[in-house]
Every structure is written in structure tokens, then in C-alpha cells.
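Asker: First, the structure itself, so that you have it in front of you.
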Amino acid sequence: MTPVTNLVQKDVLIRKSIMEDIDRFIEIERQCFNPKFRYEYSILFSLLYMYPKFITFSACINEIVIGYISGELDEGDQSNFKIVTIAVEPEFQRKNIATKLLQTLIETSKETYRITHVELHVYSKNQPAIDFYSSHGFEIKKEIKNYYFRRAHALLMGKKIK
Ligand SMILES: CC(C)(COP(=O)(O)OP(=O)(O)OC[C@H]1O[C@@H](n2cnc3c(N)ncnc32)[C@H](O)[C@@H]1OP(=O)(O)O)[C@@H](O)C(=O)NCCC(=O)NCCS
């Protein structure tokens, strides 16, 4: 059997997330985020339970969840779709998996809603994530001071959708 780490992009399946994915989400959060930035069980549960408010996709290899993305329509501006979270297990990063998740979520939100732009907040010191979004055409719109907690600022990044 091929070792999981040798599997390539074609072996990654992107599918709608299901409640059974929650344990893997918790594990991926643990591996990807400092405790202060980690989503708790209750929030992850909401992302899965509150479909279609939240649209969530999982990336799987051999039926094991190795990444996910979630987003929702901006209730204050229904032309805007907000990415709530994205994470890929460290050993599978830089293999285009987050790109596939992002493309799937944006395509689905375009089919579901009449959106003209996509936005997200990212920790201002999370350079890999900023680079990831920049590589997909997102631009920094502004910094929001103390967004996460004291002295942990967010960048609001956005992109127009065709
Ligand atoms: C950000 C994250 C989701 C990217 O996932 P990924 O699957 O590695 O991303 P991709 O392989 O699709 O990357 C696509 C492009 O984004 C850019 N990029 C991604 N990770 C990068 C990094 N660590 N450093 C610099 N550029 C990066 C590159 O341009 C990359 O293309 P390349 O590999 O051909 O150079 C991943 O690093 C992660 O899970 N981080 C921890 C969780 C997190 O911070 N989430 C964001 C919360 S807002």
C-alpha cells in the first residue's frame, strides 16, 4: 500500500463535511493553531451542524480528513461571502490541498448566492496564511487592532469574484 505521505493531489477527495468529521477537525486544529487561536468543540460543532448557514468542505485521503474549510454568507452584506476557517494538517501542506478547498468553497458559494466578493480575517502575524491568500488574489484591505485579543490584530483580506 502507498504510504499516505506519498499520495499526490489526484488522491485528495474534496467533499461536503459531515458531523463524523469533528474529531479530525479537533485534531487538525490542535496541530495547526496555537491554543489561543484554536476553535473549540462547540464552534466546530456549529460549523457542521448549522448547514446551510455554514458551508463546510473536508479534504480526505483514503477517507481520512486531512483538511477543511468553512464559510458563510455575510448577513450584513449579502454580496459578500466570508471564509471562517481553513486548515490543512501540517504533513500535507504545500500540496495544493488548501487551494482545492478554497476553489471548491468559492465555486459553491457563487452557485448558491449572488456574491461579488469574498473576505476573511487572518492574524497579522500568520505569514503562511497571508501568503496563501495573496497567492489566490486576496488583498489586504485594512488592519483591525485587537481583533482576536489584546495585541493580536487581524488583517481583513478580500477579493472580487467574477
Ligand atoms: C494556510 C494553509 C491553509 C495553506 O494550506 P496549503 O495546503 O499548504 O496551501 P497550498 O498548498 O494550496 O498553497 C498554495 C500557495 O499558497 C502559498 N503558500 C501556502 N503556504 C505557504 C507558506 N507556508 N509560505 C509561503 N507561501 C505559502 C504558495 O504560493 C503556495 O503555492 P506553492 O506551494 O506552489 O508555492 C496552511 O498553511 C495551514 O493549514 N495553516 C495553519 C492553519 C491556518 O493558519 N489557517 C488560516 C487561518 S486564517
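In the C-alpha cells, each chain is lettered A, B, ... as it comes, each chain's residues begin at 1, and ligands are numbered from 1 in order of appearance.
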Using only C-alpha atoms, which residues sit within 12 Å of Glu111 (chain A) once same-chain residues fewer than 6 positions away are excluded, as a PDB file with C-alpha atoms, in the first residue's frame?

Answerer:
```pdb
ATOM      1  CA  PHE A  81     -19.074  35.584   1.394  1.00  0.00           C
ATOM      2  CA  THR A 104     -14.495  24.429  -4.088  1.00  0.00           C
ATOM      3  CA  LEU A 105     -15.916  26.754  -1.431  1.00  0.00           C
ATOM      4  CA  ILE A 161     -15.393  37.394  -7.619  1.00  0.00           C
ATOM      5  CA  LYS A 162     -16.156  37.220 -11.345  1.00  0.00           C
TER       6      LYS A 162
END
```

Asker: Enumerate, as a PyMOL selection string, the complete set of residues in region 25-157 of chain A that a backbone-based DSSP assignment places in alpha helix (DSSP H).

Answerer: chain A and resi 25-32+41-49+97-112+127-135

Asker: Pick from A:Cys32, A:Ile140, A:Val122, A:Met19: nearest to Phe92 (chain A), with only C-alpha atoms counted?

Answerer: A:Cys32

Asker: Would you mind listing, for every residue of chain A within 6 Å of ligand 1, the two atoms forming the shortest contact and the distance between them in Å to one decimal, using only C-alpha atoms and all ligand atoms, sorted by chain and ascending residue number, as JSON lines?

Answerer:
```
{"residue": "A:Cys32", "atom": "CA", "partner": "ligand 1", "partner_atom_place_in_ligand_line": "41 (C)", "distance": 4.6}
{"residue": "A:Thr85", "atom": "CA", "partner": "ligand 1", "partner_atom_place_in_ligand_line": "47 (C)", "distance": 5.5}
{"residue": "A:Ile86", "atom": "CA", "partner": "ligand 1", "partner_atom_place_in_ligand_line": "45 (N)", "distance": 4.9}
{"residue": "A:Ala87", "atom": "CA", "partner": "ligand 1", "partner_atom_place_in_ligand_line": "39 (O)", "distance": 3.4}
{"residue": "A:Val88", "atom": "CA", "partner": "ligand 1", "partner_atom_place_in_ligand_line": "39 (O)", "distance": 3.8}
{"residue": "A:Gln93", "atom": "CA", "partner": "ligand 1", "partner_atom_place_in_ligand_line": "8 (O)", "distance": 3.3}
{"residue": "A:Arg94", "atom": "CA", "partner": "ligand 1", "partner_atom_place_in_ligand_line": "11 (O)", "distance": 3.2}
{"residue": "A:Lys95", "atom": "CA", "partner": "ligand 1", "partner_atom_place_in_ligand_line": "11 (O)", "distance": 4.2}
{"residue": "A:Asn96", "atom": "CA", "partner": "ligand 1", "partner_atom_place_in_ligand_line": "12 (O)", "distance": 3.2}
{"residue": "A:Ile97", "atom": "CA", "partner": "ligand 1", "partner_atom_place_in_ligand_line": "7 (O)", "distance": 4.1}
{"residue": "A:Ala98", "atom": "CA", "partner": "ligand 1", "partner_atom_place_in_ligand_line": "7 (O)", "distance": 3.8}
{"residue": "A:Thr99", "atom": "CA", "partner": "ligand 1", "partner_atom_place_in_ligand_line": "12 (O)", "distance": 3.7}
{"residue": "A:Val122", "atom": "CA", "partner": "ligand 1", "partner_atom_place_in_ligand_line": "48 (S)", "distance": 4.3}
{"residue": "A:Pro128", "atom": "CA", "partner": "ligand 1", "partner_atom_place_in_ligand_line": "22 (C)", "distance": 3.9}
{"residue": "A:Ala129", "atom": "CA", "partner": "ligand 1", "partner_atom_place_in_ligand_line": "1 (C)", "distance": 3.8}
{"residue": "A:Asp131", "atom": "CA", "partner": "ligand 1", "partner_atom_place_in_ligand_line": "26 (N)", "distance": 4.6}
{"residue": "A:Phe132", "atom": "CA", "partner": "ligand 1", "partner_atom_place_in_ligand_line": "16 (O)", "distance": 3.4}
{"residue": "A:Ser135", "atom": "CA", "partner": "ligand 1", "partner_atom_place_in_ligand_line": "29 (O)", "distance": 4.9}
```

Asker: Neighbouring residues of region 24-31 of chain A were defined as those with any atom within 8 Å, considering only C-alpha atoms; residues of the same chain fewer than 5 positions away were excluded. Please report them as number ranges by chain.

Answerer: A: 38-41, 44, 65-68, 87-90

Asker: Counting only C-alpha atoms, figure out which residue out of A:Ser109, A:Lys145, A:Ile22, A:Asn126 gets nearest to Ser42 (chain A).

Answerer: A:Ile22

Asker: Determine which residues of region 25-137 of chain A receive a DSSP assignment of strand (DSSP E), computed from the backbone, and state them as a PyMOL selection string.

Answerer: chain A and resi 54-61+64-73+80-88+117-123

Asker: What's around Leu13 (chain A) at 7 Å? Count only C-alpha atoms, leave out sequence neighbours fewer than 6 positions away in its own chain, and write the answer as a list in words.

Answerer: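 These residues fall inside the cut-off: Ala59, Cys60 and Ile61 of chain A.
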
Asker: Go ahead and write the residues just picked, C-alpha atoms, as a PDB file, in the first residue's frame.

Answerer:
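Written file, result27.pdb:
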```pdb
ATOM      1  CA  ALA A  59     -10.309  17.209   2.153  1.00  0.00           C
ATOM      2  CA  CYS A  60      -9.781  13.456   2.510  1.00  0.00           C
ATOM      3  CA  ILE A  61      -7.099  10.961   1.638  1.00  0.00           C
TER       4      ILE A  61
END
```

Asker: Select, from A:Ile83, A:Val118, A:Tyr123, A:Tyr147, the residue with the minimum atom-to-atom distance to Lys160 (chain A), counting only C-alpha atoms.

Answerer: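 Of A:Ile83, A:Val118, A:Tyr123, A:Tyr147, the one nearest Lys160 (chain A) is A:Val118, counting only C-alpha atoms.
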
Asker: Find the residues around Lys82 (chain A) up to 8 Å (only C-alpha atoms counted), leave out those fewer than 6 positions away in its own chain, and share them as a PDB file with C-alpha atoms, in the first residue's frame.

Answerer:
```
ATOM      1  CA  GLY A  71     -17.564  29.894   5.239  1.00  0.00           C
ATOM      2  CA  GLU A  72     -20.836  31.754   5.438  1.00  0.00           C
ATOM      3  CA  LEU A  73     -22.764  34.476   3.679  1.00  0.00           C
ATOM      4  CA  ASP A  74     -22.238  37.888   5.259  1.00  0.00           C
ATOM      5  CA  VAL A 118     -15.054  37.082  -0.641  1.00  0.00           C
ATOM      6  CA  GLU A 119     -13.460  38.250   2.595  1.00  0.00           C
ATOM      7  CA  LEU A 120     -11.679  36.822   5.601  1.00  0.00           C
TER       8      LEU A 120
END
```

Asker: What does the distance between CA of Asn34 (chain A) and CA of Asn80 (chain A) come to in Å, to one decimal place?

Answerer: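 Taking CA of Asn34 (chain A) as the start and CA of Asn80 (chain A) as the end point, the length is 28.4 Å.
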